[in-house]
Amino acid sequence: MSTLSSSLPLLEQAGPRRWSAGQWSGLVLLLLVAGFALLGPLVIDTDPARQQLARYLETPSLAEPLGFDQLGRSMLARLAHGARLSLSLALLSVLSAAIPGSLIGLLAAWCGGWTERVLAALADAVLALPGLLLVLLLAAFAPGGFWPLYVGISLALWVEYFRVVRAASRILLASPQVEASRLLGFGALYIVRCHLLPALLPRLLTLVRFGLAGAVLAMSALGFVGVGLQPPTPELGVMMIELLPYYREAPWLVASPVLVLLLGLLGLLLLSSQGEAA
């Protein structure tokens with residue numbers, strides 16, 4: 001009983017929290033980047049793959065605020081499509097890892113015994129393999145494809161959700177509130193909805209925000225080293241490696257995808273910071 005009593009405060013809500021200035025700043029940055037990624041390709045009526053070699057490294061103007069790249073392609077259009085591709089693929093990968101990872105962690109904590117041991121051993125086996133190495137192995141089967149990035153990042157991320165949900169659920173399932181609900185005849189669905197989810201959701205949302213930042217960064221890093229998506233696909237990492245040789249002649253071109261990536265990651269990290277207790 002003493003062990004349970006010492007563990008319960010870790011799961012109790014400390015009361016409603018007010019968002020800090022950093023969290024509001026992160027939300028604003030994230031909305032700006034997401035709005036640019038979602039609405040940019042709809043508003044900018046320019047084909048990101050259209051080449052105009054006569055406009056090679058043309059400087060920014062009112063008509064083209066970011067100018068043209070080394071192949072005469074609209075940099076603003078490519079940046080909008082690249083941001084949408086990177087963010088949507090990262091969101092899909094994180095959700096594909098969070099949902100099954102959480103469900104498997106809950107199943108392990110609920111069943112216990114050999115089921116929990118087998119699932120924990122599987123998670124440890126996946127955790128022993130570095131995430132980027134897993135993506136590289138999958139990319140070897142389909143270089144430049146979407147599915148190696150998607151599957152590899154999902155397989156690398158689900159373990160985090162499994163471990164967090166499993167550890168927290170084991171304590172929650174042993175709490176007096178859950179024991180009382182079981183004695184009163186409430187089923188598993190009620191216990192999960194009323195006792196487990198309210199305590200798990202804040203932690204899962206924090207993991208999702210950090211997971212999105214990690215997924216975007218991983219895709220950009222893979223694209224930057226030439227292992228991820230390949231040109232002429234407009235993706236932030238691919239754009240960086242394409243434009244890097246021209247950083248002296250047109251530094252604004254290299255800075256554009258870096259700035260979008262920086263603002264997106266900064267927004268996610270600020271949004272994950274702790275608020276102030278009310």
# chains A, B, ... in the order shown; residues from 1 in each chain; ligands from 1
$ residues_around --residues "region 260-273 of chain A" --least-positions-apart "5" --cutoff "9 Å" --atoms "only C-alpha atoms" --output "number ranges by chain"
A: 20, 22-34, 79, 83, 87, 205-207, 209-210, 212-214, 216-217, 220, 236, 255
$ select_by_dssp --residues "region 29-167 of chain A" --states "helix (DSSP H, G or I)" --output "MDAnalysis selection string"
chainID A and resid 29:43 53:55 75:111 113:127 131:139 146:167
$ closest_atom_pairs --of "region 84-169 of chain A" --to "region 199-202 of chain A" --cutoff "12 Å" --atoms "only C-alpha atoms" --output "Markdown table"
| residue | atom | partner | partner_atom | distance |
| --- | --- | --- | --- | --- |
| A:Ala98 | CA | A:Leu201 | CA | 11.2 |
| A:Ile99 | CA | A:Leu201 | CA | 11.7 |
| A:Ser102 | CA | A:Leu200 | CA | 9.4 |
| A:Leu103 | CA | A:Leu200 | CA | 11.7 |
| A:Gly105 | CA | A:Leu200 | CA | 11.3 |
| A:Leu106 | CA | A:Leu200 | CA | 10.3 |
| A:Tyr161 | CA | A:Leu200 | CA | 10.3 |
| A:Phe162 | CA | A:Leu200 | CA | 11.7 |
| A:Val164 | CA | A:Leu200 | CA | 8.7 |
| A:Val165 | CA | A:Leu200 | CA | 6.9 |
| A:Arg166 | CA | A:Leu200 | CA | 10.2 |
| A:Ala167 | CA | A:Leu200 | CA | 10.5 |
| A:Ala168 | CA | A:Leu200 | CA | 7.4 |
| A:Ser169 | CA | A:Leu200 | CA | 8.1 |
$ write_last_selection --atoms "N, CA, C and O atoms" --output "PDB file, in the first residue's frame"
ATOM      1  N   ALA A  98       1.400   6.101 -32.750  1.00  0.00           N
ATOM      2  CA  ALA A  98       0.773   6.397 -31.461  1.00  0.00           C
ATOM      3  C   ALA A  98      -0.422   5.488 -31.183  1.00  0.00           C
ATOM      4  O   ALA A  98      -0.576   4.976 -30.062  1.00  0.00           O
ATOM      5  N   ILE A  99      -1.273   5.274 -32.178  1.00  0.00           N
ATOM      6  CA  ILE A  99      -2.507   4.505 -31.932  1.00  0.00           C
ATOM      7  C   ILE A  99      -2.201   3.039 -31.619  1.00  0.00           C
ATOM      8  O   ILE A  99      -2.606   2.530 -30.563  1.00  0.00           O
ATOM      9  N   SER A 102      -0.106   2.738 -28.256  1.00  0.00           N
ATOM     10  CA  SER A 102      -0.897   2.946 -27.039  1.00  0.00           C
ATOM     11  C   SER A 102      -1.794   1.751 -26.756  1.00  0.00           C
ATOM     12  O   SER A 102      -1.929   1.315 -25.607  1.00  0.00           O
ATOM     13  N   LEU A 103      -2.425   1.219 -27.797  1.00  0.00           N
ATOM     14  CA  LEU A 103      -3.315   0.072 -27.606  1.00  0.00           C
ATOM     15  C   LEU A 103      -2.543  -1.161 -27.135  1.00  0.00           C
ATOM     16  O   LEU A 103      -3.004  -1.900 -26.250  1.00  0.00           O
ATOM     17  N   GLY A 105       0.322  -1.124 -25.488  1.00  0.00           N
ATOM     18  CA  GLY A 105       0.743  -0.870 -24.110  1.00  0.00           C
ATOM     19  C   GLY A 105      -0.385  -1.079 -23.123  1.00  0.00           C
ATOM     20  O   GLY A 105      -0.184  -1.632 -22.033  1.00  0.00           O
ATOM     21  N   LEU A 106      -1.592  -0.643 -23.495  1.00  0.00           N
ATOM     22  CA  LEU A 106      -2.749  -0.848 -22.630  1.00  0.00           C
ATOM     23  C   LEU A 106      -3.074  -2.333 -22.504  1.00  0.00           C
ATOM     24  O   LEU A 106      -3.412  -2.822 -21.413  1.00  0.00           O
ATOM     25  N   TYR A 161       5.355   5.050 -27.181  1.00  0.00           N
ATOM     26  CA  TYR A 161       3.974   5.069 -26.698  1.00  0.00           C
ATOM     27  C   TYR A 161       3.662   3.791 -25.911  1.00  0.00           C
ATOM     28  O   TYR A 161       2.964   3.848 -24.891  1.00  0.00           O
ATOM     29  N   PHE A 162       4.180   2.669 -26.367  1.00  0.00           N
ATOM     30  CA  PHE A 162       3.967   1.414 -25.659  1.00  0.00           C
ATOM     31  C   PHE A 162       4.518   1.489 -24.240  1.00  0.00           C
ATOM     32  O   PHE A 162       3.841   1.123 -23.277  1.00  0.00           O
ATOM     33  N   VAL A 164       5.338   4.115 -22.312  1.00  0.00           N
ATOM     34  CA  VAL A 164       4.687   5.104 -21.448  1.00  0.00           C
ATOM     35  C   VAL A 164       3.309   4.623 -21.018  1.00  0.00           C
ATOM     36  O   VAL A 164       2.949   4.692 -19.832  1.00  0.00           O
ATOM     37  N   VAL A 165       2.497   4.150 -21.963  1.00  0.00           N
ATOM     38  CA  VAL A 165       1.142   3.701 -21.636  1.00  0.00           C
ATOM     39  C   VAL A 165       1.177   2.477 -20.738  1.00  0.00           C
ATOM     40  O   VAL A 165       0.401   2.365 -19.781  1.00  0.00           O
ATOM     41  N   ARG A 166       2.084   1.568 -21.001  1.00  0.00           N
ATOM     42  CA  ARG A 166       2.176   0.368 -20.168  1.00  0.00           C
ATOM     43  C   ARG A 166       2.543   0.712 -18.733  1.00  0.00           C
ATOM     44  O   ARG A 166       1.918   0.229 -17.773  1.00  0.00           O
ATOM     45  N   ALA A 167       3.552   1.559 -18.542  1.00  0.00           N
ATOM     46  CA  ALA A 167       3.994   1.901 -17.187  1.00  0.00           C
ATOM     47  C   ALA A 167       2.904   2.656 -16.418  1.00  0.00           C
ATOM     48  O   ALA A 167       2.636   2.363 -15.247  1.00  0.00           O
ATOM     49  N   ALA A 168       2.279   3.636 -17.084  1.00  0.00           N
ATOM     50  CA  ALA A 168       1.251   4.420 -16.400  1.00  0.00           C
ATOM     51  C   ALA A 168      -0.008   3.595 -16.132  1.00  0.00           C
ATOM     52  O   ALA A 168      -0.634   3.718 -15.070  1.00  0.00           O
ATOM     53  N   SER A 169      -0.373   2.741 -17.070  1.00  0.00           N
ATOM     54  CA  SER A 169      -1.598   1.952 -16.908  1.00  0.00           C
ATOM     55  C   SER A 169      -1.471   0.925 -15.787  1.00  0.00           C
ATOM     56  O   SER A 169      -2.447   0.640 -15.092  1.00  0.00           O
TER      57      SER A 169
END
$ closest_residue --among "A:Leu76, A:Leu92, A:Leu197, A:Leu66" --to "Ala250 (chain A)" --atoms "only C-alpha atoms"
A:Leu66
$ residues_around --residues "region 149-160 of chain A" --least-positions-apart "4" --cutoff "8 Å" --atoms "only C-alpha atoms" --output "PyMOL selection string"
chain A and resi 89-90+92-94+96-98+100-102+123+126-127+130-132+134-135+138-139+145+164+207+211+215+219+228
$ write_last_selection --atoms "N, CA and C atoms" --output "PDB file, in the first residue's frame"
ATOM      1  N   LEU A  89       3.359  13.791 -44.016  1.00  0.00           N
ATOM      2  CA  LEU A  89       4.002  12.487 -43.848  1.00  0.00           C
ATOM      3  C   LEU A  89       4.417  12.266 -42.398  1.00  0.00           C
ATOM      4  N   ALA A  90       4.870  13.321 -41.735  1.00  0.00           N
ATOM      5  CA  ALA A  90       5.239  13.202 -40.322  1.00  0.00           C
ATOM      6  C   ALA A  90       4.012  12.929 -39.466  1.00  0.00           C
ATOM      7  N   LEU A  92       1.176  11.515 -40.406  1.00  0.00           N
ATOM      8  CA  LEU A  92       0.712  10.158 -40.685  1.00  0.00           C
ATOM      9  C   LEU A  92       1.581   9.125 -39.976  1.00  0.00           C
ATOM     10  N   SER A  93       2.884   9.332 -39.969  1.00  0.00           N
ATOM     11  CA  SER A  93       3.790   8.388 -39.316  1.00  0.00           C
ATOM     12  C   SER A  93       3.579   8.364 -37.810  1.00  0.00           C
ATOM     13  N   VAL A  94       3.409   9.548 -37.211  1.00  0.00           N
ATOM     14  CA  VAL A  94       3.243   9.619 -35.758  1.00  0.00           C
ATOM     15  C   VAL A  94       1.921   9.002 -35.332  1.00  0.00           C
ATOM     16  N   SER A  96       0.271   6.705 -36.922  1.00  0.00           N
ATOM     17  CA  SER A  96       0.378   5.269 -37.139  1.00  0.00           C
ATOM     18  C   SER A  96       1.210   4.587 -36.060  1.00  0.00           C
ATOM     19  N   ALA A  97       2.051   5.359 -35.374  1.00  0.00           N
ATOM     20  CA  ALA A  97       2.817   4.801 -34.259  1.00  0.00           C
ATOM     21  C   ALA A  97       2.082   4.968 -32.936  1.00  0.00           C
ATOM     22  N   ALA A  98       1.400   6.101 -32.750  1.00  0.00           N
ATOM     23  CA  ALA A  98       0.773   6.397 -31.461  1.00  0.00           C
ATOM     24  C   ALA A  98      -0.422   5.488 -31.183  1.00  0.00           C
ATOM     25  N   PRO A 100      -1.477   2.308 -32.470  1.00  0.00           N
ATOM     26  CA  PRO A 100      -1.186   0.909 -32.105  1.00  0.00           C
ATOM     27  C   PRO A 100      -0.266   0.788 -30.902  1.00  0.00           C
ATOM     28  N   GLY A 101       0.708   1.710 -30.761  1.00  0.00           N
ATOM     29  CA  GLY A 101       1.600   1.646 -29.606  1.00  0.00           C
ATOM     30  C   GLY A 101       0.858   1.808 -28.295  1.00  0.00           C
ATOM     31  N   SER A 102      -0.106   2.738 -28.256  1.00  0.00           N
ATOM     32  CA  SER A 102      -0.897   2.946 -27.039  1.00  0.00           C
ATOM     33  C   SER A 102      -1.794   1.751 -26.756  1.00  0.00           C
ATOM     34  N   ALA A 123       9.032  -5.049 -27.887  1.00  0.00           N
ATOM     35  CA  ALA A 123       9.377  -3.623 -27.843  1.00  0.00           C
ATOM     36  C   ALA A 123      10.867  -3.431 -27.601  1.00  0.00           C
ATOM     37  N   VAL A 126      12.779  -4.050 -30.854  1.00  0.00           N
ATOM     38  CA  VAL A 126      12.700  -2.917 -31.787  1.00  0.00           C
ATOM     39  C   VAL A 126      13.536  -1.755 -31.279  1.00  0.00           C
ATOM     40  N   LEU A 127      13.520  -1.539 -29.954  1.00  0.00           N
ATOM     41  CA  LEU A 127      14.266  -0.427 -29.381  1.00  0.00           C
ATOM     42  C   LEU A 127      15.772  -0.616 -29.530  1.00  0.00           C
ATOM     43  N   PRO A 130      18.517   1.092 -33.914  1.00  0.00           N
ATOM     44  CA  PRO A 130      18.347   2.536 -34.091  1.00  0.00           C
ATOM     45  C   PRO A 130      17.303   2.867 -35.152  1.00  0.00           C
ATOM     46  N   GLY A 131      16.504   3.893 -34.873  1.00  0.00           N
ATOM     47  CA  GLY A 131      15.398   4.235 -35.763  1.00  0.00           C
ATOM     48  C   GLY A 131      15.848   4.589 -37.170  1.00  0.00           C
ATOM     49  N   LEU A 132      16.879   5.422 -37.287  1.00  0.00           N
ATOM     50  CA  LEU A 132      17.341   5.825 -38.609  1.00  0.00           C
ATOM     51  C   LEU A 132      17.907   4.633 -39.384  1.00  0.00           C
ATOM     52  N   LEU A 134      16.810   1.616 -39.141  1.00  0.00           N
ATOM     53  CA  LEU A 134      15.636   0.884 -39.615  1.00  0.00           C
ATOM     54  C   LEU A 134      15.077   1.518 -40.888  1.00  0.00           C
ATOM     55  N   VAL A 135      15.025   2.838 -40.918  1.00  0.00           N
ATOM     56  CA  VAL A 135      14.545   3.537 -42.114  1.00  0.00           C
ATOM     57  C   VAL A 135      15.495   3.289 -43.284  1.00  0.00           C
ATOM     58  N   LEU A 138      14.879  -0.133 -44.788  1.00  0.00           N
ATOM     59  CA  LEU A 138      13.678  -0.173 -45.619  1.00  0.00           C
ATOM     60  C   LEU A 138      13.875   0.610 -46.916  1.00  0.00           C
ATOM     61  N   ALA A 139      14.627   1.717 -46.832  1.00  0.00           N
ATOM     62  CA  ALA A 139      14.857   2.531 -48.022  1.00  0.00           C
ATOM     63  C   ALA A 139      15.689   1.783 -49.066  1.00  0.00           C
ATOM     64  N   GLY A 145      11.235   6.173 -52.275  1.00  0.00           N
ATOM     65  CA  GLY A 145       9.799   5.956 -52.126  1.00  0.00           C
ATOM     66  C   GLY A 145       9.256   6.562 -50.848  1.00  0.00           C
ATOM     67  N   VAL A 164       5.338   4.115 -22.312  1.00  0.00           N
ATOM     68  CA  VAL A 164       4.687   5.104 -21.448  1.00  0.00           C
ATOM     69  C   VAL A 164       3.309   4.623 -21.018  1.00  0.00           C
ATOM     70  N   LEU A 207       3.915  13.361 -26.125  1.00  0.00           N
ATOM     71  CA  LEU A 207       4.708  12.463 -26.966  1.00  0.00           C
ATOM     72  C   LEU A 207       4.450  12.706 -28.445  1.00  0.00           C
ATOM     73  N   GLY A 211       7.102  13.703 -31.064  1.00  0.00           N
ATOM     74  CA  GLY A 211       7.238  12.765 -32.168  1.00  0.00           C
ATOM     75  C   GLY A 211       7.138  13.438 -33.519  1.00  0.00           C
ATOM     76  N   ALA A 215       9.969  13.337 -36.284  1.00  0.00           N
ATOM     77  CA  ALA A 215       9.694  12.771 -37.604  1.00  0.00           C
ATOM     78  C   ALA A 215      10.048  13.755 -38.720  1.00  0.00           C
ATOM     79  N   MET A 219      12.984  13.001 -41.491  1.00  0.00           N
ATOM     80  CA  MET A 219      12.766  13.017 -42.940  1.00  0.00           C
ATOM     81  C   MET A 219      13.657  14.037 -43.629  1.00  0.00           C
ATOM     82  N   GLY A 228      16.399   9.742 -48.482  1.00  0.00           N
ATOM     83  CA  GLY A 228      14.947   9.818 -48.425  1.00  0.00           C
ATOM     84  C   GLY A 228      14.335  10.037 -49.794  1.00  0.00           C
TER      85      GLY A 228
END
$ residues_around --residues "Arg170 (chain A)" --least-positions-apart "3" --cutoff "12 Å" --atoms "only C-alpha atoms" --output "ChimeraX atom specification"
/A:4,7-8,11,105-112,116,163-167,173-175,178,196,200
$ closest_residue --among "A:Ala80, A:Leu229, A:Val192, A:Val238" --to "Ile44 (chain A)" --atoms "only C-alpha atoms"
A:Ala80
$ select_by_dssp --residues "region 13-242 of chain A" --states "strand (DSSP E or B)" --output "list of chain:residue names"
A:Arg17, A:Arg18, A:Phe68, A:Ser74
$ closest_residue --among "A:Ala125, A:Ile171, A:Val118, A:Val227" --to "Ala140 (chain A)" --atoms "only C-alpha atoms"
A:Val227
